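A.B. asks: Provided herewith: query35.txt, compact mmCIF, C-alpha atoms.
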```
# COMPACT_ATOMS: atom_id res chain seq x y z
CA ASP A 17 -87.94 -36.90 -24.24
CA ALA A 18 -86.50 -40.10 -22.80
CA ALA A 19 -82.89 -39.19 -23.61
CA ALA A 20 -83.21 -35.80 -21.92
CA ALA A 21 -84.79 -37.39 -18.87
CA ALA A 22 -82.02 -39.97 -18.64
CA LYS A 23 -79.38 -37.22 -18.90
CA ALA A 24 -81.10 -35.21 -16.16
CA ASP A 25 -81.26 -38.26 -13.91
CA ALA A 26 -77.57 -38.96 -14.48
CA GLU A 27 -76.61 -35.37 -13.70
CA LYS A 28 -78.76 -35.41 -10.55
CA PHE A 29 -77.10 -38.65 -9.48
CA GLU A 30 -73.61 -37.27 -10.05
CA ARG A 31 -74.40 -34.10 -8.12
CA GLY A 32 -76.25 -35.82 -5.29
CA PRO A 33 -74.82 -34.69 -1.89
CA GLU A 34 -75.34 -38.14 -0.40
CA ILE A 35 -73.07 -39.62 -3.08
CA ALA A 36 -70.36 -37.05 -2.44
CA ALA A 37 -70.60 -37.67 1.30
CA ALA A 38 -70.37 -41.43 0.83
CA GLN A 39 -67.33 -41.04 -1.44
CA SER A 40 -65.63 -38.77 1.09
CA ALA A 41 -66.32 -41.20 3.94
CA TRP A 42 -64.95 -44.11 1.91
CA GLU A 43 -61.75 -42.22 1.04
CA SER A 44 -61.33 -41.22 4.69
CA THR A 45 -61.66 -44.85 5.75
CA LEU A 46 -58.96 -45.87 3.29
CA LEU A 47 -56.61 -43.19 4.58
CA LYS A 48 -57.23 -44.14 8.22
CA SER A 49 -56.64 -47.81 7.50
CA ASP A 50 -53.34 -46.99 5.78
CA VAL A 51 -52.23 -44.86 8.73
CA ALA A 52 -53.24 -47.61 11.15
CA ALA A 53 -51.37 -50.28 9.20
CA TRP A 54 -47.94 -48.70 9.73
CA GLN A 55 -46.69 -46.47 12.51
CA ILE A 56 -43.60 -44.52 11.52
CA VAL A 57 -40.86 -44.79 14.11
CA GLU A 58 -39.74 -41.62 15.88
CA PRO A 59 -36.59 -42.59 17.79
CA LYS A 60 -35.93 -41.22 21.26
CA GLU A 61 -32.23 -41.88 20.89
CA MET A 62 -30.03 -42.76 17.90
CA LYS A 63 -26.44 -43.97 17.85
CA ALA A 64 -23.95 -45.09 15.21
CA LYS A 65 -21.04 -47.17 16.42
CA GLY A 66 -18.72 -45.40 13.97
CA GLY A 67 -19.66 -41.92 15.20
CA ALA A 68 -22.08 -40.81 12.48
CA ALA A 69 -24.90 -38.40 13.29
CA PHE A 70 -28.61 -38.66 12.45
CA GLU A 71 -30.62 -35.72 11.16
CA LYS A 72 -34.42 -35.98 11.24
CA GLN A 73 -36.06 -34.95 7.96
CA ASP A 74 -39.51 -33.47 7.35
CA ASP A 75 -40.86 -36.85 6.21
CA GLN A 76 -39.67 -38.44 9.50
CA SER A 77 -36.82 -40.20 7.76
CA LEU A 78 -33.24 -40.03 9.04
CA LEU A 79 -30.27 -38.65 7.11
CA VAL A 80 -26.90 -40.04 8.24
CA THR A 81 -23.96 -37.63 8.21
CA GLY A 82 -20.39 -37.50 9.51
CA PRO A 83 -17.93 -40.41 9.75
CA ASN A 84 -18.54 -43.29 7.35
CA PRO A 85 -16.51 -46.28 8.57
CA ASN A 86 -15.95 -49.46 6.58
CA GLN A 87 -18.61 -51.21 8.67
CA ASP A 88 -21.13 -49.72 11.07
CA THR A 89 -24.03 -50.45 13.41
CA TYR A 90 -27.00 -48.14 13.98
CA THR A 91 -29.15 -48.48 17.11
CA LEU A 92 -32.44 -46.64 17.59
CA ASP A 93 -34.35 -46.56 20.87
CA VAL A 94 -38.09 -46.16 20.31
CA THR A 95 -41.42 -46.50 22.08
CA THR A 96 -44.77 -47.37 20.55
CA PRO A 97 -48.42 -47.40 21.66
CA LEU A 98 -48.87 -50.74 19.86
CA THR A 99 -49.90 -53.72 22.01
CA SER A 100 -48.43 -56.21 19.56
CA LEU A 101 -45.95 -56.33 16.70
CA THR A 102 -46.22 -58.28 13.47
CA GLY A 103 -44.05 -56.31 11.06
CA LEU A 104 -41.12 -53.96 10.64
CA ARG A 105 -40.73 -51.83 7.51
CA LEU A 106 -37.52 -50.22 6.28
CA GLU A 107 -37.67 -47.66 3.47
CA THR A 108 -34.48 -46.58 1.71
CA ILE A 109 -34.74 -43.00 0.50
CA PRO A 110 -32.36 -41.64 -2.16
CA ASP A 111 -30.99 -38.17 -1.52
CA PRO A 112 -28.99 -35.74 -3.69
CA ARG A 113 -26.67 -35.12 -0.74
CA LEU A 114 -25.52 -38.74 -0.80
CA PRO A 115 -23.09 -40.46 -3.23
CA ALA A 116 -24.57 -41.13 -6.69
CA ARG A 117 -27.82 -39.55 -5.40
CA GLY A 118 -28.65 -42.90 -3.81
CA ALA A 119 -29.80 -44.01 -0.36
CA GLY A 120 -26.49 -45.60 0.63
CA ARG A 121 -23.17 -44.06 1.69
CA ALA A 122 -20.99 -46.17 -0.62
CA ASP A 123 -19.56 -44.43 -3.69
CA SER A 124 -22.10 -46.32 -5.81
CA GLY A 125 -25.03 -45.07 -3.71
CA ASN A 126 -25.61 -48.61 -2.44
CA ALA A 127 -25.73 -50.13 1.04
CA VAL A 128 -25.54 -53.71 2.32
CA LEU A 129 -27.73 -54.37 5.34
CA THR A 130 -26.45 -57.55 6.98
CA GLU A 131 -28.92 -57.70 9.86
CA LEU A 132 -32.08 -55.93 11.00
CA ARG A 133 -33.38 -56.82 14.44
CA VAL A 134 -35.72 -55.59 17.17
CA THR A 135 -35.29 -56.35 20.86
CA VAL A 136 -37.51 -55.62 23.83
CA GLY A 137 -36.23 -56.08 27.37
CA GLY A 138 -33.12 -57.68 25.88
CA LYS A 139 -35.23 -60.31 24.09
CA LYS A 140 -34.96 -60.55 20.32
CA ILE A 141 -38.29 -60.50 18.47
CA PRO A 142 -38.30 -63.40 15.97
CA PHE A 143 -39.01 -62.58 12.34
CA ILE A 144 -39.64 -65.51 10.04
CA SER A 145 -39.83 -63.82 6.65
CA ALA A 146 -38.41 -60.85 4.78
CA VAL A 147 -39.56 -59.43 1.45
CA ALA A 148 -38.49 -56.44 -0.62
CA ASP A 149 -39.70 -54.60 -3.70
CA PHE A 150 -36.23 -54.80 -5.25
CA THR A 151 -33.23 -57.01 -4.63
CA GLN A 152 -29.68 -56.90 -5.89
CA LYS A 153 -28.61 -60.23 -7.38
CA SER A 154 -27.37 -62.59 -4.64
CA PHE A 155 -28.42 -60.14 -1.89
CA SER A 156 -31.78 -61.58 -0.83
CA PRO A 157 -33.90 -59.77 1.79
CA GLY A 158 -33.93 -62.99 3.84
CA ASN A 159 -30.24 -62.41 4.53
CA VAL A 160 -31.07 -59.75 7.11
CA ILE A 161 -32.62 -62.33 9.45
CA ASP A 162 -30.16 -65.22 8.98
CA ASP A 163 -27.66 -64.10 11.68
CA LYS A 164 -24.78 -64.15 9.18
CA LYS A 165 -22.41 -61.22 8.72
CA ASP A 166 -21.21 -62.31 5.28
CA SER A 167 -24.63 -61.87 3.64
CA GLY A 168 -27.10 -59.02 3.36
CA TRP A 169 -29.76 -57.15 1.41
CA ALA A 170 -28.72 -54.52 -1.16
CA PHE A 171 -30.27 -52.58 -4.05
CA VAL A 172 -27.69 -51.75 -6.72
CA PRO A 173 -28.09 -50.82 -9.59
CA ASP A 174 -31.45 -49.21 -8.72
CA VAL A 175 -30.01 -46.86 -6.12
CA THR A 176 -31.86 -43.69 -7.12
CA ASN A 177 -35.33 -45.11 -6.44
CA ARG A 178 -36.97 -45.73 -3.09
CA HIS A 179 -37.09 -49.31 -1.91
CA THR A 180 -38.95 -51.12 0.82
CA LEU A 181 -38.00 -54.09 2.98
CA VAL A 182 -40.60 -55.72 5.25
CA LEU A 183 -40.00 -58.24 8.02
CA GLN A 184 -42.87 -60.31 9.43
CA THR A 185 -43.33 -62.38 12.58
CA ALA A 186 -44.92 -65.83 12.67
CA LYS A 187 -47.55 -64.54 15.11
CA PRO A 188 -48.21 -61.27 16.91
CA PHE A 189 -45.52 -60.48 19.47
CA THR A 190 -47.12 -58.99 22.58
CA LEU A 191 -45.91 -55.55 23.64
CA THR A 192 -46.59 -53.30 26.58
CA PRO A 193 -47.53 -49.84 25.28
CA GLY A 194 -44.69 -47.41 25.92
CA GLU A 195 -42.17 -50.16 26.59
CA PRO A 196 -38.76 -49.32 25.05
CA LEU A 197 -37.78 -51.14 21.85
CA LYS A 198 -34.31 -51.22 20.37
CA ILE A 199 -33.98 -51.43 16.58
CA THR A 200 -30.54 -52.36 15.26
CA LEU A 201 -29.31 -52.06 11.69
CA ASP A 202 -26.01 -53.83 11.05
CA PHE A 203 -23.71 -53.17 8.11
CA GLN A 204 -20.95 -55.73 8.58
CA PHE A 205 -20.34 -56.87 5.01
CA GLN A 206 -16.59 -57.45 4.63
CA LYS A 207 -16.23 -57.70 0.84
CA SER A 208 -17.17 -54.05 0.28
CA VAL A 209 -16.49 -51.04 2.49
CA GLN A 210 -18.62 -48.10 3.61
CA HIS A 211 -21.84 -49.76 2.47
CA ASN A 212 -23.88 -48.11 5.23
CA LEU A 213 -27.34 -46.58 4.77
CA GLY A 214 -27.46 -42.83 4.27
CA ARG A 215 -31.17 -42.08 4.48
CA PHE A 216 -33.97 -44.32 5.66
CA ARG A 217 -37.28 -44.51 7.50
CA LEU A 218 -38.66 -47.23 9.78
CA ALA A 219 -42.22 -48.18 10.68
CA LEU A 220 -43.95 -50.80 12.85
CA SER A 221 -47.15 -52.73 12.22
CA ALA A 222 -49.63 -54.82 14.18
CA GLY A 223 -51.57 -55.77 11.04
CA GLU A 224 -52.44 -59.31 10.02
CA ASN A 225 -50.21 -59.43 6.96
CA PRO A 226 -47.71 -56.55 6.88
CA ALA A 227 -45.71 -58.16 4.07
CA GLY A 228 -48.84 -57.97 1.94
CA THR A 229 -48.70 -54.17 2.01
CA LEU A 230 -45.48 -54.15 0.00
```
As structure tokens - that is how I would like this structure written.
C.D. replies:
Amino acid sequence: DAAAAAKADAEKFERGPEIAAAQSAWESTLLKSDVAAWQIVEPKEMKAKGGAAFEKQDDQSLLVTGPNPNQDTYTLDVTTPLTSLTGLRLETIPDPRLPARGAGRADSGNAVLTELRVTVGGKKIPFISAVADFTQKSFSPGNVIDDKKDSGWAFVPDVTNRHTLVLQTAKPFTLTPGEPLKITLDFQFQKSVQHNLGRFRLALSAGENPAGTL
């Protein structure tokens, strides 16, 4: 009857190999576009002014161990195959080995990032906007690009969840593939001590609107 025929047609459609192949191709395209949008940074050299050490984790994040001074500065030397740069992404990653199971090294599990910058050949790459998925009151993400040491971005009380901060340029900044980049994370907030990041991951983008991926 008509109902049986309709059911058979539906089942044939669902089982059709061309449909499965198309679905697989579509999913693969989505995955490739996500990978292409952000390139996770793998530093060649890492230094902390206060003497801390960096331990690479399986997810390509960095766990900071050792001395935890009142203020600190992390510098990471990296290279990238990208021919231009439009965005920088910082992910804070909570860890049970850190205070309060957070992503920061303060007793509260918090951190205050006062500046995040990228330089190439000694020239600072200009970022015009900063956005984050979570912001502590009065600690706006824009503070990391305002060149002021008395302001920063922080994420208390939500320290046990991952958070993302994205910086974006006004226009693509031209790069030479393989040219060394220096990424600096500054923690110079004076009103609280030891508010340095404990685990984080960085990524670069050449996409049209990296902030839109947040």
A.B. asks: Using all atoms listed in the file, which of A:Pro83, A:Pro196, A:Pro157, A:Gly103 sits nearest Pro59 of chain A?
C.D. replies: A:Pro196
A.B. asks: May I ask which of the residues A:Ser77, A:Ser221, A:Thr102, A:Thr151 is the closest one to Ala127 of chain A, counting all atoms listed in the file?
C.D. replies: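 Between A:Ser77, A:Ser221, A:Thr102, A:Thr151, the residue approaching Ala127 of chain A most closely is A:Thr151.
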A.B. asks: Determine, counting only C-alpha atoms, which protein, DNA and RNA residues have an atom within 12 Å of an atom of Asp74 of chain A; residues of the same chain fewer than 4 positions away are not included. Present the result as a list in words.
C.D. replies: Glu58, Leu78, Leu79 and Arg217 of chain A
A.B. asks: Restricting the calculation to all atoms listed in the file: of A:Pro112, A:Val172, A:Asp123, A:Gly214, which residue gets closest to Ala69 of chain A?
C.D. replies: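 Closest residue, counting all atoms listed in the file: A:Gly214.
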A.B. asks: Between atom CA of Gly82 of chain A and atom CA of Asp163 of chain A, what is the distance in Å, rounded to a tenth?
C.D. replies: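 Separation of atom CA of Gly82 of chain A and atom CA of Asp163 of chain A: 27.7 Å.
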A.B. asks: Separation of atom CA of Ala119 of chain A and atom CA of Val147 of chain A, in Å?
C.D. replies: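 Going from atom CA of Ala119 of chain A over to atom CA of Val147 of chain A, I get 18.3 Å.
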A.B. asks: In Å, how far is it from atom CA of Thr229 of chain A to atom CA of Pro97 of chain A?
C.D. replies: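 Separation of atom CA of Thr229 of chain A and atom CA of Pro97 of chain A: 20.8 Å.
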A.B. asks: Could you give me, as a ChimeraX atom specification, the residues within 6 Å of His211 of chain A, counting only C-alpha atoms and dropping anything in the same chain fewer than 6 positions from it?
C.D. replies: /A:121-122,127-128
A.B. asks: Name all residues at most 10 Å from Asp93 of chain A (count all atoms listed in the file; drop same-chain ones fewer than 3 positions away) and give them as a PyMOL selection string.
C.D. replies: chain A and resi 57-63+134-135+196-200
A.B. asks: Just give me the residues with any atom within 9 Å of (-37.8, -65.2, 0.9), file coordinates, counting only C-alpha atoms, written as a list in words.
C.D. replies: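 Residues satisfying the cut-off, written out: Ser145, Ala146, Val147, Ala148, Ser156, Pro157, Gly158 and Asn159 of chain A.
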A.B. asks: Rank nothing, just name the residue among A:Pro110, A:Thr99, A:Lys207, A:Gly67 nearest to Pro193 of chain A, using all atoms listed in the file.
C.D. replies: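 Using all atoms listed in the file, Pro193 of chain A sits closest to A:Thr99.
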A.B. asks: Using only C-alpha atoms, find the one residue out of A:Thr89, A:Asn126, A:Thr180, A:Thr190 that sits nearest to Leu218 of chain A.
C.D. replies: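 Nearest to Leu218 of chain A: A:Thr180.
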A.B. asks: Which one of A:Asn225, A:Thr95, A:Thr176, A:Ser167 sits closest to Thr108 of chain A if you count all atoms listed in the file?
C.D. replies: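 Among the listed residues, A:Thr176 lies closest to Thr108 of chain A.
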